[in-house]
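This is data_20.txt. It holds compact mmCIF, C-alpha atoms.
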# COMPACT_ATOMS: atom_id res chain seq x y z
CA MET A 343 36.49 0.23 -14.42
CA PRO A 344 38.26 -2.01 -11.91
CA ASP A 345 37.49 0.36 -9.02
CA LEU A 346 33.78 0.14 -9.63
CA GLU A 347 33.95 -3.63 -9.61
CA ASN A 348 35.93 -3.66 -6.39
CA GLU A 349 33.65 -1.19 -4.66
CA ILE A 350 30.57 -3.16 -5.61
CA ARG A 351 32.25 -6.44 -4.63
CA ASN A 352 32.99 -5.07 -1.17
CA MET A 353 29.44 -3.79 -0.81
CA ILE A 354 28.01 -7.19 -1.76
CA ALA A 355 30.43 -9.04 0.53
CA GLU A 356 29.31 -6.90 3.43
CA ILE A 357 25.63 -7.50 2.73
CA VAL A 358 25.94 -11.29 2.33
CA GLU A 359 28.50 -11.44 5.15
CA LYS A 360 31.16 -13.24 3.11
CA ASP A 361 34.81 -12.54 2.38
CA PRO A 362 35.16 -10.34 -0.76
CA SER A 363 37.32 -13.06 -2.34
CA GLU A 364 34.24 -15.31 -2.48
CA VAL A 365 32.35 -12.74 -4.56
CA THR A 366 33.88 -13.75 -7.89
CA PRO A 367 32.49 -12.16 -11.08
CA ASP A 368 30.26 -15.13 -11.85
CA ALA A 369 29.43 -16.49 -8.39
CA LYS A 370 25.63 -16.76 -8.31
CA PHE A 371 24.16 -14.51 -5.63
CA PHE A 372 21.20 -16.65 -4.69
CA GLU A 373 22.55 -20.16 -5.16
CA GLU A 374 26.18 -19.70 -4.15
CA LEU A 375 26.29 -16.66 -1.88
CA GLY A 376 23.07 -17.22 0.06
CA MET A 377 21.50 -13.94 -0.92
CA ASP A 378 17.77 -13.27 -0.56
CA SER A 379 15.54 -10.79 -2.41
CA MET A 380 15.81 -8.21 0.35
CA MET A 381 19.62 -8.32 0.14
CA ALA A 382 19.38 -7.76 -3.61
CA LEU A 383 17.30 -4.68 -2.91
CA GLU A 384 19.91 -3.46 -0.44
CA ILE A 385 22.58 -3.81 -3.11
CA MET A 386 20.45 -1.81 -5.54
CA ALA A 387 19.70 0.87 -2.97
CA GLY A 388 23.37 0.92 -1.93
CA MET A 389 24.52 1.52 -5.51
CA GLU A 390 21.90 4.22 -6.03
CA LYS A 391 23.10 6.06 -2.96
CA LYS A 392 26.83 5.64 -3.60
CA TYR A 393 26.77 6.58 -7.27
CA LYS A 394 23.80 8.95 -7.15
CA ILE A 395 21.96 7.02 -9.84
CA THR A 396 18.40 5.74 -10.14
CA ILE A 397 17.99 2.12 -11.17
CA PRO A 398 14.50 1.05 -12.21
CA GLU A 399 12.91 -1.61 -10.05
CA GLU A 400 12.66 -4.00 -13.00
CA LYS A 401 16.45 -4.35 -12.95
CA LEU A 402 16.30 -6.14 -9.61
CA THR A 403 15.97 -9.49 -11.34
CA LYS A 404 19.18 -8.75 -13.30
CA LEU A 405 21.24 -8.57 -10.15
CA THR A 406 22.33 -12.21 -10.09
CA THR A 407 26.12 -12.02 -10.24
CA LEU A 408 28.80 -9.41 -9.63
CA ARG A 409 29.41 -9.16 -13.37
CA GLU A 410 25.74 -8.45 -14.09
CA THR A 411 25.49 -6.01 -11.20
CA VAL A 412 28.52 -4.02 -12.34
CA ALA A 413 27.04 -3.93 -15.86
CA VAL A 414 23.79 -2.46 -14.50
CA ALA A 415 25.69 0.13 -12.45
CA LYS A 416 27.76 1.12 -15.50
CA GLU A 417 24.68 1.41 -17.68
CA TYR A 418 23.02 3.89 -15.32
CA LEU A 419 26.23 5.77 -14.53
CA GLU A 420 26.65 6.38 -18.26
CA LYS A 421 23.03 7.46 -18.58
CA THR A 422 23.45 9.89 -15.71
CA ASN A 423 26.67 11.34 -17.09
CA ALA A 424 25.41 11.53 -20.66
CA MET B 746 0.26 17.78 13.43
CA LEU B 747 0.92 14.07 13.15
CA PHE B 748 1.93 13.84 9.49
CA LYS B 749 3.58 17.19 8.78
CA ASP B 750 5.13 17.27 5.29
CA LYS B 751 4.60 13.57 4.73
CA VAL B 752 3.07 12.29 1.51
CA ALA B 753 0.10 9.93 1.63
CA ILE B 754 -1.91 7.94 -0.88
CA VAL B 755 -5.55 7.00 -0.34
CA THR B 756 -7.21 4.78 -2.93
CA GLY B 757 -10.91 5.30 -3.47
CA GLY B 758 -10.60 8.73 -1.91
CA SER B 759 -13.35 10.83 -3.41
CA ARG B 760 -16.30 9.62 -1.35
CA GLY B 761 -17.32 7.96 1.90
CA ILE B 762 -14.61 6.68 4.21
CA GLY B 763 -11.87 7.47 1.69
CA ARG B 764 -12.88 11.11 1.56
CA SER B 765 -12.73 11.42 5.35
CA LEU B 766 -9.26 9.83 5.26
CA VAL B 767 -8.04 12.37 2.71
CA LEU B 768 -9.34 15.25 4.85
CA MET B 769 -7.89 13.77 8.05
CA LEU B 770 -4.45 13.38 6.46
CA ALA B 771 -4.47 16.94 5.09
CA GLU B 772 -5.59 18.26 8.47
CA GLU B 773 -2.64 16.47 10.04
CA GLY B 774 -0.21 18.17 7.65
CA ALA B 775 0.24 15.60 4.87
CA ASP B 776 0.16 16.16 1.13
CA VAL B 777 -2.39 13.72 -0.22
CA ALA B 778 -2.76 11.84 -3.47
CA PHE B 779 -6.01 9.99 -3.92
CA THR B 780 -7.56 7.86 -6.60
CA TYR B 781 -11.17 7.70 -7.70
CA ALA B 782 -13.05 5.56 -10.19
CA LYS B 783 -15.91 7.68 -11.47
CA SER B 784 -16.73 10.62 -9.21
CA VAL B 785 -14.95 13.39 -11.11
CA GLN B 786 -16.84 16.29 -9.53
CA GLU B 787 -16.44 14.98 -6.01
CA ALA B 788 -12.73 14.45 -6.65
CA GLU B 789 -12.26 18.00 -7.92
CA ALA B 790 -14.13 19.45 -4.96
CA LEU B 791 -12.05 17.39 -2.53
CA SER B 792 -8.78 18.46 -4.20
CA ALA B 793 -9.85 22.07 -3.82
CA GLN B 794 -10.67 21.49 -0.16
CA VAL B 795 -7.25 19.94 0.52
CA LYS B 796 -5.51 22.81 -1.24
CA GLN B 797 -7.51 25.31 0.81
CA SER B 798 -6.06 23.77 3.94
CA GLY B 799 -2.61 24.60 2.59
CA ARG B 800 -1.58 21.11 1.51
CA ARG B 801 -0.92 19.71 -1.94
CA ALA B 802 -3.46 17.37 -3.51
CA LEU B 803 -3.18 15.00 -6.45
CA ALA B 804 -6.34 13.32 -7.76
CA LEU B 805 -5.93 10.46 -10.19
CA GLN B 806 -8.72 8.62 -11.95
CA MET B 807 -7.94 4.94 -11.98
CA ASP B 808 -9.40 1.49 -11.60
CA ALA B 809 -7.75 -0.19 -8.61
CA ALA B 810 -7.90 -3.48 -10.50
CA ASP B 811 -5.45 -2.16 -13.13
CA PHE B 812 -1.88 -3.12 -12.17
CA ASP B 813 -0.19 -0.88 -14.75
CA LYS B 814 -2.24 2.12 -13.64
CA ALA B 815 -1.18 1.45 -10.07
CA LYS B 816 2.43 1.60 -11.24
CA GLU B 817 1.76 4.95 -12.90
CA LEU B 818 0.08 6.17 -9.72
CA ILE B 819 3.20 5.55 -7.62
CA GLU B 820 5.45 7.15 -10.23
CA GLU B 821 3.20 10.21 -10.50
CA VAL B 822 3.05 10.64 -6.75
CA LYS B 823 6.82 10.42 -6.37
CA ALA B 824 7.36 12.82 -9.28
CA GLY B 825 4.57 15.22 -8.31
CA LEU B 826 4.80 15.22 -4.51
CA GLY B 827 8.43 14.17 -4.17
CA ARG B 828 8.16 11.21 -1.80
CA LEU B 829 5.86 8.58 -0.33
CA ASP B 830 5.37 7.83 3.36
CA LEU B 831 1.85 6.58 3.99
CA LEU B 832 -0.50 4.33 2.05
CA VAL B 833 -4.15 3.57 2.71
CA ASN B 834 -5.74 0.92 0.51
CA ASN B 835 -9.37 1.87 0.76
CA ALA B 836 -10.87 1.41 -2.72
CA GLY B 837 -13.66 -1.11 -2.56
CA ILE B 838 -16.94 -2.10 -4.12
CA ILE B 839 -19.87 -4.32 -3.19
CA LYS B 840 -22.09 -6.53 -5.32
CA ASP B 841 -24.22 -8.21 -2.67
CA LYS B 842 -26.16 -11.27 -3.74
CA ALA B 843 -27.02 -14.68 -2.43
CA LEU B 844 -24.40 -17.09 -3.71
CA MET B 845 -27.00 -18.95 -5.76
CA MET B 846 -27.69 -15.73 -7.67
CA MET B 847 -24.09 -14.54 -7.93
CA THR B 848 -22.50 -14.51 -11.38
CA LYS B 849 -18.86 -15.14 -12.06
CA GLU B 850 -18.55 -11.45 -12.96
CA ASP B 851 -20.07 -10.39 -9.62
CA TRP B 852 -17.47 -12.52 -7.89
CA LEU B 853 -14.47 -11.52 -9.99
CA SER B 854 -15.13 -7.79 -10.08
CA VAL B 855 -15.28 -7.56 -6.28
CA ILE B 856 -12.14 -9.66 -5.83
CA ASP B 857 -10.39 -7.65 -8.54
CA THR B 858 -11.09 -4.23 -7.09
CA ASN B 859 -10.86 -5.02 -3.39
CA LEU B 860 -8.21 -7.73 -3.05
CA ASN B 861 -6.22 -7.47 -6.27
CA GLY B 862 -6.43 -3.67 -6.03
CA THR B 863 -4.74 -3.81 -2.62
CA PHE B 864 -2.01 -5.99 -4.10
CA ASN B 865 -1.59 -3.75 -7.17
CA VAL B 866 -0.97 -0.53 -5.29
CA THR B 867 1.02 -2.04 -2.43
CA ARG B 868 3.23 -4.05 -4.79
CA ASN B 869 4.12 -0.93 -6.70
CA ALA B 870 4.77 1.12 -3.56
CA ILE B 871 6.67 -1.43 -1.49
CA VAL B 872 10.10 -1.03 -3.08
CA THR B 873 10.01 2.69 -2.31
CA PHE B 874 9.21 1.95 1.33
CA LEU B 875 11.86 -0.79 1.52
CA LYS B 876 14.55 1.46 0.09
CA GLN B 877 13.83 4.30 2.49
CA LYS B 878 13.41 1.85 5.37
CA SER B 879 10.24 3.52 6.57
CA GLY B 880 6.56 3.60 5.80
CA ALA B 881 3.15 2.81 7.19
CA ILE B 882 0.34 1.02 5.38
CA VAL B 883 -3.27 0.64 6.46
CA ASN B 884 -5.63 -1.61 4.53
CA ILE B 885 -9.35 -1.06 4.89
CA THR B 886 -11.05 -4.40 5.35
CA SER B 887 -14.48 -5.05 6.87
CA VAL B 888 -16.23 -6.87 9.70
CA SER B 889 -17.68 -8.89 6.85
CA GLY B 890 -14.21 -10.36 6.34
CA VAL B 891 -13.87 -11.10 10.06
CA ALA B 892 -17.33 -12.35 11.04
CA GLY B 893 -18.92 -13.12 7.67
CA MET B 894 -22.12 -11.64 6.31
CA SER B 895 -24.84 -13.31 4.28
CA ARG B 896 -25.12 -12.16 0.64
CA GLN B 897 -21.48 -11.00 0.81
CA THR B 898 -19.47 -14.13 -0.03
CA ASN B 899 -17.52 -12.19 -2.68
CA TYR B 900 -16.98 -9.12 -0.51
CA ALA B 901 -16.20 -11.12 2.65
CA ALA B 902 -13.70 -13.29 0.76
CA SER B 903 -11.95 -10.20 -0.61
CA LYS B 904 -11.85 -8.57 2.82
CA ALA B 905 -10.66 -11.71 4.62
CA GLY B 906 -7.99 -11.96 1.93
CA ILE B 907 -6.87 -8.44 2.79
CA ILE B 908 -6.44 -9.45 6.43
CA GLY B 909 -4.19 -12.39 5.44
CA PHE B 910 -2.27 -10.10 3.10
CA THR B 911 -1.84 -7.59 5.93
CA LYS B 912 -0.51 -10.17 8.38
CA SER B 913 1.93 -11.72 5.92
CA LEU B 914 3.27 -8.43 4.61
CA ALA B 915 3.63 -7.11 8.16
CA ARG B 916 5.98 -10.00 8.98
CA GLU B 917 7.85 -9.64 5.69
CA VAL B 918 8.66 -5.93 5.88
CA ALA B 919 8.96 -5.39 9.63
CA PRO B 920 12.79 -5.60 9.43
CA TYR B 921 12.60 -2.56 7.16
CA ASN B 922 10.70 -0.43 9.66
CA ILE B 923 7.49 -0.65 7.66
CA ARG B 924 4.27 -1.27 9.56
CA VAL B 925 1.20 -2.83 7.95
CA ASN B 926 -2.17 -2.89 9.69
CA ALA B 927 -5.84 -3.09 8.82
CA VAL B 928 -9.04 -1.39 9.94
CA ALA B 929 -12.32 -3.28 9.74
CA PRO B 930 -15.32 -0.94 9.75
CA GLY B 931 -18.73 -2.25 10.70
CA PHE B 932 -21.89 -0.44 9.65
CA ILE B 933 -20.75 3.07 8.71
CA GLU B 934 -23.13 5.65 7.25
CA THR B 935 -21.91 5.95 3.67
CA ASP B 936 -23.38 5.38 0.22
CA MET B 937 -22.57 1.69 0.67
CA LEU B 938 -25.38 1.54 3.24
CA ALA B 939 -27.78 3.51 1.04
CA GLY B 940 -29.44 0.27 -0.03
CA LEU B 941 -30.42 -0.68 3.51
CA LYS B 942 -34.02 -0.10 4.56
CA GLU B 943 -34.68 2.35 7.40
CA GLU B 944 -36.31 -0.38 9.51
CA PHE B 945 -33.19 -2.51 9.14
CA LYS B 946 -31.01 0.42 10.21
CA GLU B 947 -33.17 0.97 13.30
CA GLU B 948 -32.99 -2.72 14.14
CA LEU B 949 -29.23 -2.58 13.66
CA LYS B 950 -28.85 0.33 16.07
CA LYS B 951 -30.58 -1.75 18.74
CA ARG B 952 -28.03 -4.52 18.24
CA ILE B 953 -24.97 -2.26 18.24
CA PRO B 954 -23.76 -1.83 21.84
CA LEU B 955 -22.88 1.84 21.22
CA SER B 956 -26.44 2.34 19.86
CA ARG B 957 -25.64 4.14 16.63
CA LEU B 958 -24.26 3.59 13.15
CA GLY B 959 -20.64 4.50 12.61
CA ARG B 960 -19.46 7.77 11.12
CA VAL B 961 -16.65 8.03 8.57
CA GLU B 962 -14.69 10.00 11.16
CA ASP B 963 -14.79 6.98 13.47
CA VAL B 964 -12.88 5.01 10.84
CA ALA B 965 -10.52 7.90 10.11
CA GLY B 966 -9.62 8.04 13.81
CA ALA B 967 -8.46 4.42 13.83
CA VAL B 968 -6.51 4.88 10.60
CA LYS B 969 -4.88 8.04 11.96
CA PHE B 970 -3.69 6.13 15.01
CA LEU B 971 -2.30 3.20 13.03
CA LEU B 972 -0.44 5.45 10.57
CA SER B 973 1.06 7.57 13.36
CA ASP B 974 4.12 6.98 15.51
CA ALA B 975 1.75 6.41 18.44
CA ALA B 976 1.25 2.94 16.89
CA GLY B 977 4.99 2.48 16.39
CA PHE B 978 5.01 -1.00 18.01
CA ILE B 979 1.86 -2.27 16.31
CA THR B 980 1.96 -4.24 13.07
CA GLY B 981 -0.09 -6.99 11.44
CA GLN B 982 -3.21 -6.10 13.42
CA THR B 983 -6.82 -5.45 12.47
CA ILE B 984 -8.75 -2.88 14.50
CA ILE B 985 -12.50 -3.39 14.33
CA VAL B 986 -14.51 -0.14 14.28
CA ASP B 987 -18.08 -1.31 14.68
CA GLY B 988 -19.51 0.12 17.89
CA GLY B 989 -19.13 -3.27 19.53
CA LEU B 990 -21.41 -5.20 17.18
CA PHE B 991 -18.96 -8.05 16.64
CA ILE B 992 -17.12 -8.14 19.96
CA GLN B 993 -15.14 -11.38 19.91

Kindly present the structure from the file in structure tokens form.
Amino acid sequence: MPDLENEIRNMIAEIVEKDPSEVTPDAKFFEELGMDSMMALEIMAGMEKKYKITIPEEKLTKLTTLRETVAVAKEYLEKTNA
Amino acid sequence: MLFKDKVAIVTGGSRGIGRSLVLMLAEEGADVAFTYAKSVQEAEALSAQVKQSGRRALALQMDAADFDKAKELIEEVKAGLGRLDLLVNNAGIIKDKALMMMTKEDWLSVIDTNLNGTFNVTRNAIVTFLKQKSGAIVNITSVSGVAGMSRQTNYAASKAGIIGFTKSLAREVAPYNIRVNAVAPGFIETDMLAGLKEEFKEELKKRIPLSRLGRVEDVAGAVKFLLSDAAGFITGQTIIVDGGLFIQ
């Protein structure tokens, strides 16, 4: 789902105030992109709102790279559509 | 009505100050979930009273010291009442003793219920507040935690801890439009004072500038203010409700 990845990349770029090109699939949010825990929460809340899904709070710690974040979004999109 | 259609949680809600908080919130239009440790009959009667006033009530038996139960509490409130806007951490116990007579259990149980209990419920509620970018929290502390009180090293430590928790969390979540304050009651006529001798109470009244013991409604009034939009620019503060006994 390339669209999903792009949409989430743009959302993350906006929150960390970086150019989307810097948000590569494996760029580490905290170490490389200067994210803090509140920004991670904003990403989670942003995905919940945009895709009308509910992501359990425990998944917050999984949101460490774009690749991981897209995987979490996919997982809950599939659960919602199932 | 100050809290029309909002959803509130009060821990330790079946008796004393907690009970007056539940009734105040329902009177002001909120649906109220409250926890209680042992007082099943009081909890049922209070639920009925809230429902009579036309609001929804949810009574949950739980030990504030139990983190996993606190998690269940938040989930049940969101599922049962649909949202969460206001939180009052009120559950508290005393085990007054001179330090030389205090056991490790006396110390730990008071810290566990009062201080860790405040962490447990707030930790489980905070993500909901952060996501919705709104919320108000009031923690019930005590003048004991502000001024100190002999035979209450455990209780005073737990209550002073709550004040530090309140200040730090207030700074942390202010950018998310969440306010966190505390109320420190002095001598309020509840079961907690039942152990005091009448002569001591009379002596106390002479020392309190407003010449009486506090009523639970006095505390509820301060909590009502801090939870409401009238206190919209106040966060990280502790309001002392003690009739002037510990004016600083």

Mind running chain B against chain A at 10 Å and telling me each contacting residue's nearest atom pair with the distance in Å (one decimal), counting all atoms listed in the file, chain and number ascending, as a tab-separated table?
residue	atom	partner	partner_atom	distance
B:Asn869	CA	A:Glu399	CA	9.4
B:Val872	CA	A:Glu399	CA	7.5
B:Thr873	CA	A:Glu399	CA	9.3
B:Leu875	CA	A:Leu383	CA	8.0
B:Lys876	CA	A:Ala387	CA	6.0
B:Gln877	CA	A:Ala387	CA	8.7
B:Glu917	CA	A:Met380	CA	9.7
B:Val918	CA	A:Met380	CA	9.3
B:Pro920	CA	A:Met380	CA	9.9
B:Tyr921	CA	A:Met380	CA	9.4

Checklist entry - Using only C-alpha atoms, which residue out of A:Thr422, A:Glu373, A:Ile385, A:Asp378 lies closest to A:Glu349? => result A:Ile385

Item to check | 8 Å contact set for stretch 847-855 of chain B, all atoms listed in the file, chain neighbours under 6 positions out, as a PyMOL selection string | outcome: chain B and resi 837-840+899-900+903

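Excluding B:Ala824 itself and same-chain residues fewer than 4 positions from it, the residues having an atom within 12 Å of it are Val752, Ala778, Leu803, Glu817, Leu818, Ile819, Glu820, Arg828 and Leu829 of chain B, counting only C-alpha atoms.
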
Near-A:Asp368 list (8 Å; all atoms listed in the file; drop same-chain fewer than 3 positions) as a compact mmCIF listing (two decimals) with C-alpha atoms, in the frame of the given file:
# COMPACT_ATOMS: atom_id res chain seq x y z
CA VAL A 365 32.35 -12.74 -4.56
CA THR A 407 26.12 -12.02 -10.24
CA LEU A 408 28.80 -9.41 -9.63
CA ARG A 409 29.41 -9.16 -13.37

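Compared by their closest atoms to B:Leu938, and using all atoms listed in the file, the residues B:Ile762, B:Gly774, B:Val964, B:Val883 rank with B:Ile762 nearest.
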
Next on the checklist: Can you tell me which residues surround B:Ala919 at a distance of at most 10 Å, considering only C-alpha atoms, apart from same-chain residues fewer than 6 positions away, and format the answer as a ChimeraX atom specification?
Outcome noted: /B:875,878-879,925,980-981

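A straight line drawn from atom CA of B:Arg760 to atom CA of B:Val795 is 13.9 Å long.
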
Checklist entry - For A:Ile357, which residue out of A:Thr396, A:Glu420, A:Lys391, A:Phe371 is the nearest one, using all atoms listed in the file? => result A:Phe371

Item to check | Polymer residues at most 10 Å from A:Lys404, all atoms listed in the file, same-chain spacing of 4 or more positions, as a ChimeraX atom specification | outcome: /A:382,400,410-411,413-414

Checklist entry - From the set A:Ala369, A:Ile397, A:Val358, A:Met377, which residue has the shortest atom-to-atom contact distance to A:Leu419, counting all atoms listed in the file? => result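 Of A:Ala369, A:Ile397, A:Val358, A:Met377, the one nearest A:Leu419 is A:Ile397, counting all atoms listed in the file.
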
Item to check | Gap from atom CA of B:Lys816 to atom CA of B:Gly880 - Å, one decimal | outcome: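 Atom-to-atom, atom CA of B:Lys816 to atom CA of B:Gly880, that is 17.6 Å.
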
Next on the checklist: I'd like the interatomic distance between atom CA of B:Leu805 and atom CA of B:Thr780, to a tenth of an Å.
Outcome noted: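 Computing the Euclidean distance for atom CA of B:Leu805 and atom CA of B:Thr780 yields 4.7 Å.
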
Next on the checklist: Counting all atoms listed in the file, which residues sit no farther than 12 Å from the position (-29.4, -4.5, 15.6) in the file's frame? I'd like them as an MDAnalysis selection string.
Outcome noted: chainID B and resid 931:932 943:958 987:991

In file coordinates, which residues lie within 8 Å of (-19.6, -7.8, 4.5) using all atoms listed in the file, given as a PDB file with C-alpha atoms, in the coordinates of the input?
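See result-v8.pdb below for the written result:
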ATOM      1  CA  SER B 887     -14.480  -5.050   6.870  1.00  0.00           C
ATOM      2  CA  VAL B 888     -16.230  -6.870   9.700  1.00  0.00           C
ATOM      3  CA  SER B 889     -17.680  -8.890   6.850  1.00  0.00           C
ATOM      4  CA  GLY B 890     -14.210 -10.360   6.340  1.00  0.00           C
ATOM      5  CA  GLY B 893     -18.920 -13.120   7.670  1.00  0.00           C
ATOM      6  CA  MET B 894     -22.120 -11.640   6.310  1.00  0.00           C
ATOM      7  CA  SER B 895     -24.840 -13.310   4.280  1.00  0.00           C
ATOM      8  CA  GLN B 897     -21.480 -11.000   0.810  1.00  0.00           C
ATOM      9  CA  THR B 898     -19.470 -14.130  -0.030  1.00  0.00           C
ATOM     10  CA  TYR B 900     -16.980  -9.120  -0.510  1.00  0.00           C
ATOM     11  CA  ALA B 901     -16.200 -11.120   2.650  1.00  0.00           C
ATOM     12  CA  LYS B 904     -11.850  -8.570   2.820  1.00  0.00           C
TER      13      LYS B 904
END

Checklist entry - Which of these, A:Leu405, A:Arg351, A:Tyr393, A:Asp345, has the shortest distance to A:Phe372 once you count only C-alpha atoms? => result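 When distances to A:Phe372 are compared using only C-alpha atoms, the smallest one comes from A:Leu405.
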